[in-house]
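S.K.: Input structure: target.cif, which contains mmCIF, C-alpha atoms.
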data_data
#
loop_
_atom_site.group_PDB
_atom_site.id
_atom_site.type_symbol
_atom_site.label_atom_id
_atom_site.label_comp_id
_atom_site.auth_asym_id
_atom_site.auth_seq_id
_atom_site.Cartn_x
_atom_site.Cartn_y
_atom_site.Cartn_z
ATOM 1 C CA MET A 1 -30.790 -14.181 21.020
ATOM 2 C CA SER A 2 -27.410 -14.280 19.374
ATOM 3 C CA ASN A 3 -24.820 -16.693 20.671
ATOM 4 C CA SER A 4 -27.179 -17.681 23.501
ATOM 5 C CA ALA A 5 -27.618 -21.235 24.703
ATOM 6 C CA LEU A 6 -31.114 -20.262 25.840
ATOM 7 C CA THR A 7 -32.873 -19.332 22.600
ATOM 8 C CA PRO A 8 -36.544 -18.260 22.569
ATOM 9 C CA GLU A 9 -37.509 -21.661 21.106
ATOM 10 C CA ILE A 10 -35.681 -23.585 23.828
ATOM 11 C CA LEU A 11 -37.058 -21.343 26.555
ATOM 12 C CA ASN A 12 -40.627 -21.524 25.234
ATOM 13 C CA ASP A 13 -40.542 -25.338 25.048
ATOM 14 C CA HIS A 14 -39.082 -25.631 28.544
ATOM 15 C CA LEU A 15 -41.616 -23.299 30.145
ATOM 16 C CA SER A 16 -44.511 -24.904 28.290
ATOM 17 C CA HIS A 17 -43.426 -28.326 29.520
ATOM 18 C CA ILE A 18 -42.335 -27.584 33.089
ATOM 19 C CA VAL A 19 -44.673 -24.764 34.082
ATOM 20 C CA THR A 20 -47.724 -25.260 31.867
ATOM 21 C CA GLY A 21 -47.490 -29.051 31.878
ATOM 22 C CA LEU A 22 -47.796 -29.640 28.141
ATOM 23 C CA SER A 23 -46.429 -32.943 26.887
ATOM 24 C CA MET A 24 -43.444 -32.982 24.560
ATOM 25 C CA ARG A 25 -45.642 -34.417 21.821
ATOM 26 C CA GLU A 26 -48.147 -31.562 22.176
ATOM 27 C CA ILE A 27 -45.375 -28.936 22.173
ATOM 28 C CA ALA A 28 -43.932 -30.490 19.017
ATOM 29 C CA ARG A 29 -47.357 -30.503 17.349
ATOM 30 C CA ARG A 30 -47.985 -26.842 18.152
ATOM 31 C CA ALA A 31 -44.516 -25.789 16.997
ATOM 32 C CA GLY A 32 -44.590 -27.954 13.880
ATOM 33 C CA VAL A 33 -41.309 -29.693 14.713
ATOM 34 C CA PRO A 34 -40.373 -33.342 15.391
ATOM 35 C CA ALA A 35 -40.753 -34.548 18.972
ATOM 36 C CA SER A 36 -37.006 -35.291 18.969
ATOM 37 C CA THR A 37 -36.345 -31.575 18.476
ATOM 38 C CA VAL A 38 -38.333 -30.738 21.585
ATOM 39 C CA THR A 39 -36.504 -33.458 23.514
ATOM 40 C CA ARG A 40 -33.130 -31.992 22.552
ATOM 41 C CA ARG A 41 -34.260 -28.513 23.612
ATOM 42 C CA LEU A 42 -35.435 -29.726 27.003
ATOM 43 C CA ASN A 43 -32.227 -31.700 27.515
ATOM 44 C CA LYS A 44 -30.268 -28.545 26.744
ATOM 45 C CA VAL A 45 -31.959 -26.717 29.607
ATOM 46 C CA GLU A 46 -31.181 -29.566 31.976
ATOM 47 C CA GLU A 47 -27.541 -29.405 30.901
ATOM 48 C CA LEU A 48 -27.463 -25.673 31.635
ATOM 49 C CA ARG A 49 -28.950 -26.251 35.087
ATOM 50 C CA SER A 50 -25.818 -28.143 36.119
ATOM 51 C CA HIS A 51 -24.214 -24.688 36.456
ATOM 52 C CA PRO A 52 -25.461 -22.917 39.619
ATOM 53 C CA ASP A 53 -25.877 -19.502 37.996
ATOM 54 C CA TRP A 54 -27.738 -20.923 35.017
ATOM 55 C CA ASP A 55 -29.911 -22.828 37.471
ATOM 56 C CA GLY A 56 -30.713 -19.559 39.238
ATOM 57 C CA VAL A 57 -31.595 -17.860 35.953
ATOM 58 C CA ILE A 58 -33.873 -20.692 34.827
ATOM 59 C CA THR A 59 -35.594 -20.872 38.216
ATOM 60 C CA ALA A 60 -36.276 -17.122 38.012
ATOM 61 C CA LEU A 61 -37.692 -17.537 34.502
ATOM 62 C CA GLU A 62 -40.007 -20.317 35.633
ATOM 63 C CA GLY A 63 -41.281 -18.210 38.520
ATOM 64 C CA HIS A 64 -41.869 -15.184 36.322
ATOM 65 C CA TYR A 65 -43.681 -17.312 33.735
ATOM 66 C CA GLN A 66 -46.067 -18.563 36.406
ATOM 67 C CA ARG A 67 -46.931 -14.953 37.262
ATOM 68 C CA ALA A 68 -46.921 -13.546 33.725
ATOM 69 C CA PRO A 69 -47.020 -16.210 30.974
ATOM 70 C CA VAL A 70 -46.133 -15.090 27.459
ATOM 71 C CA THR A 71 -46.142 -16.794 24.076
ATOM 72 C CA ASN A 72 -42.747 -15.528 22.943
ATOM 73 C CA PRO A 73 -40.327 -15.262 25.901
ATOM 74 C CA GLY A 74 -37.534 -13.027 24.628
ATOM 75 C CA ARG A 75 -35.070 -10.632 26.226
ATOM 76 C CA ASP A 76 -37.686 -8.378 27.788
ATOM 77 C CA PHE A 77 -39.137 -11.417 29.520
ATOM 78 C CA ILE A 78 -35.708 -12.594 30.727
ATOM 79 C CA ALA A 79 -34.766 -9.152 32.045
ATOM 80 C CA ALA A 80 -38.079 -8.769 33.871
ATOM 81 C CA ALA A 81 -37.643 -12.195 35.484
ATOM 82 C CA LEU A 82 -34.298 -10.967 36.847
ATOM 83 C CA ASN A 83 -35.818 -7.739 38.179
ATOM 84 C CA THR A 84 -34.221 -5.504 35.588
ATOM 85 C CA SER A 85 -34.810 -4.327 31.994
ATOM 86 C CA VAL A 86 -33.048 -4.745 28.665
ATOM 87 C CA ALA A 87 -32.257 -1.018 28.685
ATOM 88 C CA ARG A 88 -30.689 -1.241 32.147
ATOM 89 C CA VAL A 89 -28.640 -4.324 31.286
ATOM 90 C CA SER A 90 -27.442 -2.740 28.035
ATOM 91 C CA ALA A 91 -26.481 0.472 29.830
ATOM 92 C CA ASP A 92 -24.540 -1.421 32.499
ATOM 93 C CA PHE A 93 -22.607 -3.467 29.945
ATOM 94 C CA SER A 94 -22.003 -0.490 27.651
ATOM 95 C CA GLN A 95 -20.069 1.246 30.410
ATOM 96 C CA ILE A 96 -17.587 -1.591 30.863
ATOM 97 C CA VAL A 97 -17.238 -3.148 27.377
ATOM 98 C CA PRO A 98 -13.643 -1.891 26.828
ATOM 99 C CA LEU A 99 -12.542 -3.368 30.156
ATOM 100 C CA ALA A 100 -14.499 -6.583 29.624
ATOM 101 C CA MET A 101 -12.823 -7.156 26.253
ATOM 102 C CA ALA A 102 -9.331 -6.612 27.654
ATOM 103 C CA ARG A 103 -6.963 -9.518 27.990
ATOM 104 C CA ALA A 104 -7.487 -11.681 31.101
ATOM 105 C CA ALA A 105 -10.594 -9.732 32.174
ATOM 106 C CA VAL A 106 -13.217 -11.959 33.809
ATOM 107 C CA PHE A 107 -16.608 -11.507 35.429
ATOM 108 C CA MET A 108 -17.127 -13.015 38.850
ATOM 109 C CA ILE A 109 -20.610 -13.997 39.982
ATOM 110 C CA GLY A 110 -21.387 -15.567 43.321
ATOM 111 C CA GLU A 111 -23.856 -15.655 46.169
ATOM 112 C CA PHE A 112 -23.420 -11.948 46.805
ATOM 113 C CA GLU A 113 -25.409 -8.804 46.139
ATOM 114 C CA ASN A 114 -23.069 -7.647 43.371
ATOM 115 C CA ALA A 115 -20.974 -9.289 40.694
ATOM 116 C CA ALA A 116 -17.559 -7.911 39.713
ATOM 117 C CA LEU A 117 -15.364 -7.398 36.685
ATOM 118 C CA THR A 118 -11.746 -8.249 37.459
ATOM 119 C CA LYS A 119 -8.487 -7.711 35.622
ATOM 120 C CA PRO A 120 -4.899 -8.425 36.743
ATOM 121 C CA ASN A 121 -3.264 -5.616 38.726
ATOM 122 C CA ARG A 122 -6.529 -3.715 39.086
ATOM 123 C CA PRO A 123 -9.069 -3.688 41.931
ATOM 124 C CA PRO A 124 -12.377 -5.467 41.164
ATOM 125 C CA LEU A 125 -15.010 -3.276 39.553
ATOM 126 C CA PRO A 126 -18.468 -3.815 41.147
ATOM 127 C CA PHE A 127 -21.131 -4.801 38.646
ATOM 128 C CA SER A 128 -24.852 -5.467 38.925
ATOM 129 C CA ARG A 129 -25.432 -9.155 39.600
ATOM 130 C CA ASN A 130 -28.819 -9.064 37.864
ATOM 131 C CA SER A 131 -27.262 -7.458 34.784
ATOM 132 C CA ALA A 132 -24.489 -10.049 34.774
ATOM 133 C CA LEU A 133 -27.008 -12.908 34.931
ATOM 134 C CA ALA A 134 -29.063 -11.290 32.169
ATOM 135 C CA GLY A 135 -25.879 -10.963 30.101
ATOM 136 C CA LEU A 136 -25.309 -14.678 30.604
ATOM 137 C CA ALA A 137 -28.822 -15.448 29.365
ATOM 138 C CA PHE A 138 -28.423 -13.033 26.418
ATOM 139 C CA GLY A 139 -25.249 -14.824 25.317
ATOM 140 C CA TRP A 140 -22.884 -11.962 26.179
ATOM 141 C CA LEU A 141 -21.082 -14.016 28.832
ATOM 142 C CA GLU A 142 -20.077 -17.654 29.060
ATOM 143 C CA ALA A 143 -18.709 -19.770 31.892
ATOM 144 C CA SER A 144 -14.924 -20.000 31.897
ATOM 145 C CA GLY A 145 -14.032 -21.791 35.127
ATOM 146 C CA THR A 146 -15.112 -24.274 37.749
ATOM 147 C CA THR A 147 -18.682 -24.328 39.033
ATOM 148 C CA ASN A 148 -17.558 -25.269 42.523
ATOM 149 C CA GLY A 149 -17.236 -22.747 45.320
ATOM 150 C CA PRO A 150 -19.088 -19.550 46.193
ATOM 151 C CA VAL A 151 -17.738 -17.595 43.180
ATOM 152 C CA ARG A 152 -17.851 -18.543 39.486
ATOM 153 C CA THR A 153 -15.936 -16.909 36.642
ATOM 154 C CA PHE A 154 -17.183 -15.891 33.202
ATOM 155 C CA LYS A 155 -15.666 -14.334 30.103
ATOM 156 C CA HIS A 156 -17.246 -12.173 27.442
ATOM 157 C CA THR A 157 -18.339 -13.485 24.054
ATOM 158 C CA PRO A 158 -18.007 -11.526 20.777
ATOM 159 C CA THR A 159 -21.713 -10.649 20.918
ATOM 160 C CA ILE A 160 -21.189 -8.516 24.021
ATOM 161 C CA VAL A 161 -21.041 -5.593 21.564
ATOM 162 C CA GLU A 162 -24.810 -5.987 21.134
ATOM 163 C CA CYS A 163 -25.187 -4.036 24.372
ATOM 164 C CA THR A 164 -25.013 -0.799 22.367
ATOM 165 C CA ASN A 165 -28.019 -1.808 20.263
ATOM 166 C CA PRO A 166 -29.462 -5.104 21.533
ATOM 167 C CA PRO A 167 -31.821 -6.970 19.193
ATOM 168 C CA GLU A 168 -34.883 -8.645 20.666
ATOM 169 C CA HIS A 169 -34.305 -11.944 18.888
ATOM 170 C CA THR A 170 -31.155 -12.842 17.011
ATOM 171 C CA LYS A 171 -29.314 -16.074 16.605
ATOM 172 C CA GLN A 172 -25.715 -16.821 15.826
ATOM 173 C CA VAL A 173 -25.704 -19.264 12.951
ATOM 174 C CA THR A 174 -22.668 -21.394 12.308
ATOM 175 C CA PRO A 175 -21.673 -20.886 8.662
ATOM 176 C CA LYS A 176 -22.417 -23.820 6.424
ATOM 177 C CA HIS A 177 -20.170 -24.718 3.536
ATOM 178 C CA ARG A 178 -22.606 -24.950 0.671
ATOM 179 C CA PRO A 179 -22.312 -24.177 -3.023
ATOM 180 C CA GLY A 180 -23.673 -20.973 -4.421
ATOM 181 C CA ARG A 181 -22.825 -17.774 -6.209
ATOM 182 C CA TYR A 182 -21.708 -14.539 -4.691
ATOM 183 C CA SER A 183 -24.428 -12.294 -3.336
ATOM 184 C CA GLU A 184 -23.912 -8.574 -3.623
ATOM 185 C CA ASN A 185 -25.381 -8.181 -0.130
ATOM 186 C CA GLU A 186 -23.185 -10.849 1.452
ATOM 187 C CA PRO A 187 -19.863 -9.994 3.178
ATOM 188 C CA PRO A 188 -16.930 -10.940 0.893
ATOM 189 C CA VAL A 189 -15.358 -13.464 3.273
ATOM 190 C CA GLU A 190 -18.652 -15.275 3.846
ATOM 191 C CA ALA A 191 -19.366 -15.317 0.114
ATOM 192 C CA LEU A 192 -15.950 -16.824 -0.571
ATOM 193 C CA PHE A 193 -16.476 -19.427 2.159
ATOM 194 C CA ARG A 194 -19.635 -20.648 0.395
ATOM 195 C CA ARG A 195 -17.785 -21.492 -2.806
ATOM 196 C CA ARG A 196 -17.441 -25.222 -3.290
ATOM 197 C CA ASP A 197 -13.988 -25.093 -4.857
ATOM 198 C CA GLN A 198 -12.225 -22.884 -2.304
ATOM 199 C CA THR A 199 -9.943 -24.149 0.495
ATOM 200 C CA LEU A 200 -8.517 -20.880 1.850
ATOM 201 C CA ILE A 201 -11.363 -19.741 4.095
ATOM 202 C CA THR A 202 -12.614 -21.787 7.045
ATOM 203 C CA ALA A 203 -15.565 -21.309 9.383
ATOM 204 C CA ASP A 204 -13.117 -19.851 11.906
ATOM 205 C CA HIS A 205 -12.092 -17.231 9.336
ATOM 206 C CA VAL A 206 -15.746 -16.292 8.850
ATOM 207 C CA ARG A 207 -16.200 -15.779 12.585
ATOM 208 C CA LEU A 208 -12.961 -13.776 12.792
ATOM 209 C CA SER A 209 -14.172 -11.621 9.911
ATOM 210 C CA GLN A 210 -17.425 -10.947 11.769
ATOM 211 C CA ASP A 211 -15.482 -10.129 14.943
ATOM 212 C CA PHE A 212 -13.226 -7.675 13.096
ATOM 213 C CA HIS A 213 -16.237 -6.007 11.502
ATOM 214 C CA GLU A 214 -17.728 -5.395 14.961
ATOM 215 C CA VAL A 215 -14.437 -3.968 16.251
ATOM 216 C CA TYR A 216 -14.087 -1.789 13.135
ATOM 217 C CA VAL A 217 -17.624 -0.414 13.378
ATOM 218 C CA MET A 218 -17.098 0.496 17.037
ATOM 219 C CA ARG A 219 -13.530 1.789 16.636
ATOM 220 C CA GLU A 220 -14.488 5.355 17.548
ATOM 221 C CA SER A 221 -16.527 4.429 20.598
ATOM 222 C CA LEU A 222 -16.601 1.414 22.897
ATOM 223 C CA GLY A 223 -14.404 -0.733 20.692
ATOM 224 C CA ALA A 224 -11.622 1.836 20.378
ATOM 225 C CA PRO A 225 -9.187 0.111 22.792
ATOM 226 C CA VAL A 226 -9.554 -3.184 20.954
ATOM 227 C CA TYR A 227 -9.109 -1.589 17.531
ATOM 228 C CA ASP A 228 -6.094 0.392 18.757
ATOM 229 C CA ARG A 229 -4.489 -2.786 20.117
ATOM 230 C CA VAL A 230 -5.108 -4.635 16.862
ATOM 231 C CA SER A 231 -3.792 -1.691 14.827
ATOM 232 C CA SER A 232 -0.549 -1.605 16.784
ATOM 233 C CA GLY A 233 -0.081 -5.349 16.364
ATOM 234 C CA LEU A 234 -0.480 -5.541 12.578
ATOM 235 C CA PRO A 235 1.544 -4.158 9.657
ATOM 236 C CA PRO A 236 -0.217 -1.132 8.099
ATOM 237 C CA ARG A 237 -1.021 -2.773 4.770
ATOM 238 C CA MET A 238 -2.402 -5.885 6.479
ATOM 239 C CA LEU A 239 -4.596 -3.692 8.676
ATOM 240 C CA ASN A 240 -5.757 -1.784 5.597
ATOM 241 C CA LEU A 241 -6.695 -5.076 3.919
ATOM 242 C CA LEU A 242 -8.810 -6.044 6.944
ATOM 243 C CA ASN A 243 -10.380 -2.589 7.034
ATOM 244 C CA GLU A 244 -11.427 -2.772 3.396
ATOM 245 C CA ILE A 245 -12.650 -6.385 3.176
ATOM 246 C CA CYS A 246 -13.900 -7.140 6.697
ATOM 247 C CA GLY A 247 -14.519 -3.652 8.089
ATOM 248 C CA LYS A 248 -16.053 -1.855 5.097
ATOM 249 C CA ARG A 249 -16.927 -5.177 3.396
ATOM 250 C CA ILE A 250 -15.623 -4.042 0.029
ATOM 251 C CA GLY A 251 -15.157 -6.815 -2.549
ATOM 252 C CA PHE A 252 -11.865 -8.522 -3.284
ATOM 253 C CA GLU A 253 -11.389 -7.097 -6.776
ATOM 254 C CA ALA A 254 -12.153 -3.542 -5.697
ATOM 255 C CA THR A 255 -9.732 -3.895 -2.792
ATOM 256 C CA GLU A 256 -7.007 -5.220 -5.073
ATOM 257 C CA LYS A 257 -7.411 -2.198 -7.324
ATOM 258 C CA SER A 258 -7.471 0.349 -4.495
ATOM 259 C CA MET A 259 -4.408 -1.217 -2.818
ATOM 260 C CA ASN A 260 -2.541 -1.987 -6.065
ATOM 261 C CA LEU A 261 -2.448 -5.702 -5.318
ATOM 262 C CA PRO A 262 -2.009 -8.419 -7.961
ATOM 263 C CA ALA A 263 -5.227 -9.852 -9.359
ATOM 264 C CA ARG A 264 -6.782 -12.619 -7.245
ATOM 265 C CA SER A 265 -4.242 -12.131 -4.447
ATOM 266 C CA ALA A 266 -6.617 -10.632 -1.865
ATOM 267 C CA LYS A 267 -8.408 -13.940 -1.356
ATOM 268 C CA ALA A 268 -5.194 -15.581 -0.215
ATOM 269 C CA LEU A 269 -3.991 -12.596 1.773
ATOM 270 C CA ILE A 270 -7.214 -12.175 3.746
ATOM 271 C CA SER A 271 -6.973 -15.630 5.327
ATOM 272 C CA PHE A 272 -3.447 -14.832 6.512
ATOM 273 C CA ALA A 273 -4.548 -11.393 7.743
ATOM 274 C CA LEU A 274 -7.418 -12.902 9.747
ATOM 275 C CA ASP A 275 -5.040 -15.396 11.371
ATOM 276 C CA CYS A 276 -2.835 -12.478 12.403
ATOM 277 C CA PHE A 277 -5.857 -10.566 13.698
ATOM 278 C CA ALA A 278 -6.734 -13.514 15.939
ATOM 279 C CA LEU A 279 -3.304 -13.243 17.543
ATOM 280 C CA ALA A 280 -3.161 -9.440 17.702
ATOM 281 C CA ARG A 281 -6.464 -8.996 19.520
ATOM 282 C CA VAL A 282 -5.293 -11.065 22.513
ATOM 283 C CA GLN A 283 -1.861 -9.463 22.890
#
Could you render the structure as structure tokens?

M.R.:
Amino acid sequence: MSNSALTPEILNDHLSHIVTGLSMREIARRAGVPASTVTRRLNKVEELRSHPDWDGVITALEGHYQRAPVTNPGRDFIAAALNTSVARVSADFSQIVPLAMARAAVFMIGEFENAALTKPNRPPLPFSRNSALAGLAFGWLEASGTTNGPVRTFKHTPTIVECTNPPEHTKQVTPKHRPGRYSENEPPVEALFRRRDQTLITADHVRLSQDFHEVYVMRESLGAPVYDRVSSGLPPRMLNLLNEICGKRIGFEATEKSMNLPARSAKALISFALDCFALARVQ
């Protein structure tokens, strides 16, 4: 589950330990990992439980596991535990993605039948509480305010765009700076980041490049408002550079030729363009 704090491995270890009663050593043996890894996973769940909505999600998962144990508890399992389905959750989120990605938009979840999506100067938009909790477990939402009180606030994460085509199991991997050659199948910015001798591209630039690619791919559908806002906030040639390298994922040299840029200039320009994109998308 991409960008989710509750990965299938963490969830499986927790349920095996708490519901089934397996020891941490036995879980580690079966999974082929060190016992310390299992300990960290279990501690992660306990950390999540300090938030009341996460606690409710985990309690529901434990109850569902008692009734219907599985060996690989993924998104279908999570959705079923929350009395919904992946298709239903995806459909609910797909309808409100443009609003959810707008500036200052927040989800509100509390001890009520429905959740709500709120935005300044607009009335709250009712939203399925079960879908909102499933979105939290999928990694599409994250807590953004205090846990005290009857209502808690959440904001969307970049992976909310998965609602249009949700994978069963995906993980967001933090880029590692390691030496290596370019791969023809690797996005240009990520390939440049891997080069030992480069200092232009950071891990933040890689994530921004991935975010822009998602916005670019969805520019004619759910992501249109975001792409339009970014387009209006960037100079045309800078936007074109982002379109080519991050959107279409065309190589630096080919982009330099198509845009009549000096040789080896695109690598420097793309880091500046991504910094500008980060500002433009929140305007």

S.K.: Work out how far apart CA of Asp275 in chain A and CA of His205 in chain A are and give it in Å to one decimal.

M.R.: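 Distance reported for this atom pair: 7.6 Å.
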
S.K.: If the PyMOL selection byres ((chain A and resi 150-156) around 8) is run on the structure shown, which residues does it catch, given as a list in words?

M.R.: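 Those residues are Ala100, Met101, Ala105, Val106, Phe107, Met108, Ile109, Gly110, Glu111, Trp140, Leu141, Glu142, Ala143, Ser144, Gly145, Thr146, Thr147, Asn148, Gly149, Thr157, Pro158 and Ile160 of chain A.
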
S.K.: Which residue is closest to Leu99 in chain A? Choose from A:Val33, A:Leu117, A:Met259, A:Ala132 and count only C-alpha atoms.

M.R.: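 Closest to Leu99 in chain A of all the choices is A:Leu117.
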
S.K.: Rounded to one decimal in Å, what is the spacing between CA of Gln66 in chain A and CA of Glu9 in chain A?

M.R.: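 CA of Glu9 in chain A lies at a distance of 17.8 Å from CA of Gln66 in chain A.
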
S.K.: When distances are computed from only C-alpha atoms, which of A:Thr202, A:Thr159, A:Asn260, A:Ser271 shows the smallest separation from Phe93 in chain A?

M.R.: A:Thr159

S.K.: Written as a ChimeraX atom specification, which residues does the PyMOL selection byres ((chain A and resi 14) around 9) give for the file shown?

M.R.: /A:9-13,15-19,38,41-42,45,62

S.K.: Of the candidates A:Glu186, A:Asp204, A:Asp55, A:Asp211, which one gets nearest to Ile250 in chain A if we count only C-alpha atoms?

M.R.: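 Looking only at the distances to Ile250 in chain A, the closest residue turns out to be A:Glu186.
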
S.K.: One number please: CA of Gly63 in chain A to CA of Thr20 in chain A, in Å, one decimal.

M.R.: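 Atom-to-atom, CA of Gly63 in chain A and CA of Thr20 in chain A are spaced 11.6 Å apart.
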
S.K.: Got a sec to resolve the PyMOL selection byres ((chain A and resi 135) around 12) on this structure and send the residues as a ChimeraX atom specification?

M.R.: /A:1-6,53-54,57,75,78-79,82,84-94,97,107,109,115,127-134,136-143,154-157,159-163,166

S.K.: Find the spatial neighbours of Ser231 in chain A, counting all atoms listed in the file, within a cut-off of 10 Å - ignore same-chain residues fewer than 5 positions away - and output them as a list in words.

M.R.: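 In the requested format, the answer is Pro225, Val226, Pro236, Met238, Leu239, Asn240, Phe277, Ala280 and Arg281 of chain A.
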
S.K.: Hey, can I get the axis-aligned box for range 258-262 of chain A? All listed atoms, 8 Å padding on each side, centre and edge lengths in Å to one decimal, as AutoDock Vina command-line options.

M.R.:
--center_x -4.7 --center_y -4.0 --center_z -5.4 --size_x 21.5 --size_y 24.8 --size_z 21.1

S.K.: Choose the residue, out of A:Met24, A:Ala254, A:Val230, A:Val189, that has the smallest atom-to-atom separation from Ala102 in chain A; count all atoms listed in the file.

M.R.: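 Selected residue with least distance to Ala102 in chain A: A:Val230.
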
S.K.: I'd like the contact shell of Pro187 in chain A - 10 Å cut-off, all atoms listed in the file, skipping same-chain residues fewer than 4 positions apart - returned as an MDAnalysis selection string.

M.R.: chainID A and resid 182:183 191:192 206 209:210 213 245:251

S.K.: For range 42-62 of chain A, where the input has fewer atoms than it should, I would like N, CA and C atoms rebuilt and written as an mmCIF file, keeping the file's coordinate frame.

M.R.:
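What follows is the written file rebuild26.cif:
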data_model
loop_
_atom_site.group_PDB
_atom_site.id
_atom_site.type_symbol
_atom_site.label_atom_id
_atom_site.label_comp_id
_atom_site.auth_asym_id
_atom_site.auth_seq_id
_atom_site.Cartn_x
_atom_site.Cartn_y
_atom_site.Cartn_z
ATOM 1 N N LEU A 42 -35.247 -29.546 25.567
ATOM 2 C CA LEU A 42 -35.435 -29.726 27.003
ATOM 3 C C LEU A 42 -34.177 -30.268 27.662
ATOM 4 N N ASN A 43 -33.484 -31.170 26.976
ATOM 5 C CA ASN A 43 -32.227 -31.700 27.515
ATOM 6 C C ASN A 43 -31.185 -30.604 27.629
ATOM 7 N N LYS A 44 -31.223 -29.652 26.699
ATOM 8 C CA LYS A 44 -30.268 -28.545 26.744
ATOM 9 C C LYS A 44 -30.454 -27.727 28.018
ATOM 10 N N VAL A 45 -31.697 -27.481 28.385
ATOM 11 C CA VAL A 45 -31.959 -26.717 29.607
ATOM 12 C C VAL A 45 -31.453 -27.477 30.826
ATOM 13 N N GLU A 46 -31.662 -28.774 30.843
ATOM 14 C CA GLU A 46 -31.181 -29.566 31.976
ATOM 15 C C GLU A 46 -29.661 -29.541 32.053
ATOM 16 N N GLU A 47 -29.002 -29.515 30.906
ATOM 17 C CA GLU A 47 -27.541 -29.405 30.901
ATOM 18 C C GLU A 47 -27.106 -28.062 31.496
ATOM 19 N N LEU A 48 -27.795 -26.992 31.115
ATOM 20 C CA LEU A 48 -27.463 -25.673 31.635
ATOM 21 C C LEU A 48 -27.644 -25.624 33.148
ATOM 22 N N ARG A 49 -28.640 -26.319 33.657
ATOM 23 C CA ARG A 49 -28.950 -26.251 35.087
ATOM 24 C C ARG A 49 -27.852 -26.864 35.954
ATOM 25 N N SER A 50 -26.927 -27.591 35.340
ATOM 26 C CA SER A 50 -25.818 -28.143 36.119
ATOM 27 C C SER A 50 -24.888 -27.040 36.616
ATOM 28 N N HIS A 51 -24.986 -25.842 35.997
ATOM 29 C CA HIS A 51 -24.214 -24.688 36.456
ATOM 30 C C HIS A 51 -25.089 -23.886 37.408
ATOM 31 N N PRO A 52 -24.608 -23.571 38.615
ATOM 32 C CA PRO A 52 -25.461 -22.917 39.619
ATOM 33 C C PRO A 52 -26.061 -21.589 39.186
ATOM 34 N N ASP A 53 -25.327 -20.793 38.414
ATOM 35 C CA ASP A 53 -25.877 -19.502 37.996
ATOM 36 C C ASP A 53 -26.927 -19.675 36.915
ATOM 37 N N TRP A 54 -26.703 -20.617 35.996
ATOM 38 C CA TRP A 54 -27.738 -20.923 35.017
ATOM 39 C C TRP A 54 -28.986 -21.466 35.715
ATOM 40 N N ASP A 55 -28.780 -22.287 36.725
ATOM 41 C CA ASP A 55 -29.911 -22.828 37.471
ATOM 42 C C ASP A 55 -30.720 -21.701 38.109
ATOM 43 N N GLY A 56 -30.017 -20.699 38.651
ATOM 44 C CA GLY A 56 -30.713 -19.559 39.238
ATOM 45 C C GLY A 56 -31.492 -18.769 38.211
ATOM 46 N N VAL A 57 -30.909 -18.585 37.024
ATOM 47 C CA VAL A 57 -31.595 -17.860 35.953
ATOM 48 C C VAL A 57 -32.860 -18.612 35.533
ATOM 49 N N ILE A 58 -32.733 -19.900 35.308
ATOM 50 C CA ILE A 58 -33.873 -20.692 34.827
ATOM 51 C C ILE A 58 -34.975 -20.756 35.878
ATOM 52 N N THR A 59 -34.597 -20.876 37.144
ATOM 53 C CA THR A 59 -35.594 -20.872 38.216
ATOM 54 C C THR A 59 -36.352 -19.549 38.236
ATOM 55 N N ALA A 60 -35.630 -18.436 38.052
ATOM 56 C CA ALA A 60 -36.276 -17.122 38.012
ATOM 57 C C ALA A 60 -37.222 -17.015 36.820
ATOM 58 N N LEU A 61 -36.840 -17.574 35.688
ATOM 59 C CA LEU A 61 -37.692 -17.537 34.502
ATOM 60 C C LEU A 61 -38.970 -18.347 34.722
ATOM 61 N N GLU A 62 -38.832 -19.491 35.358
ATOM 62 C CA GLU A 62 -40.007 -20.317 35.633
ATOM 63 C C GLU A 62 -40.978 -19.583 36.567
#
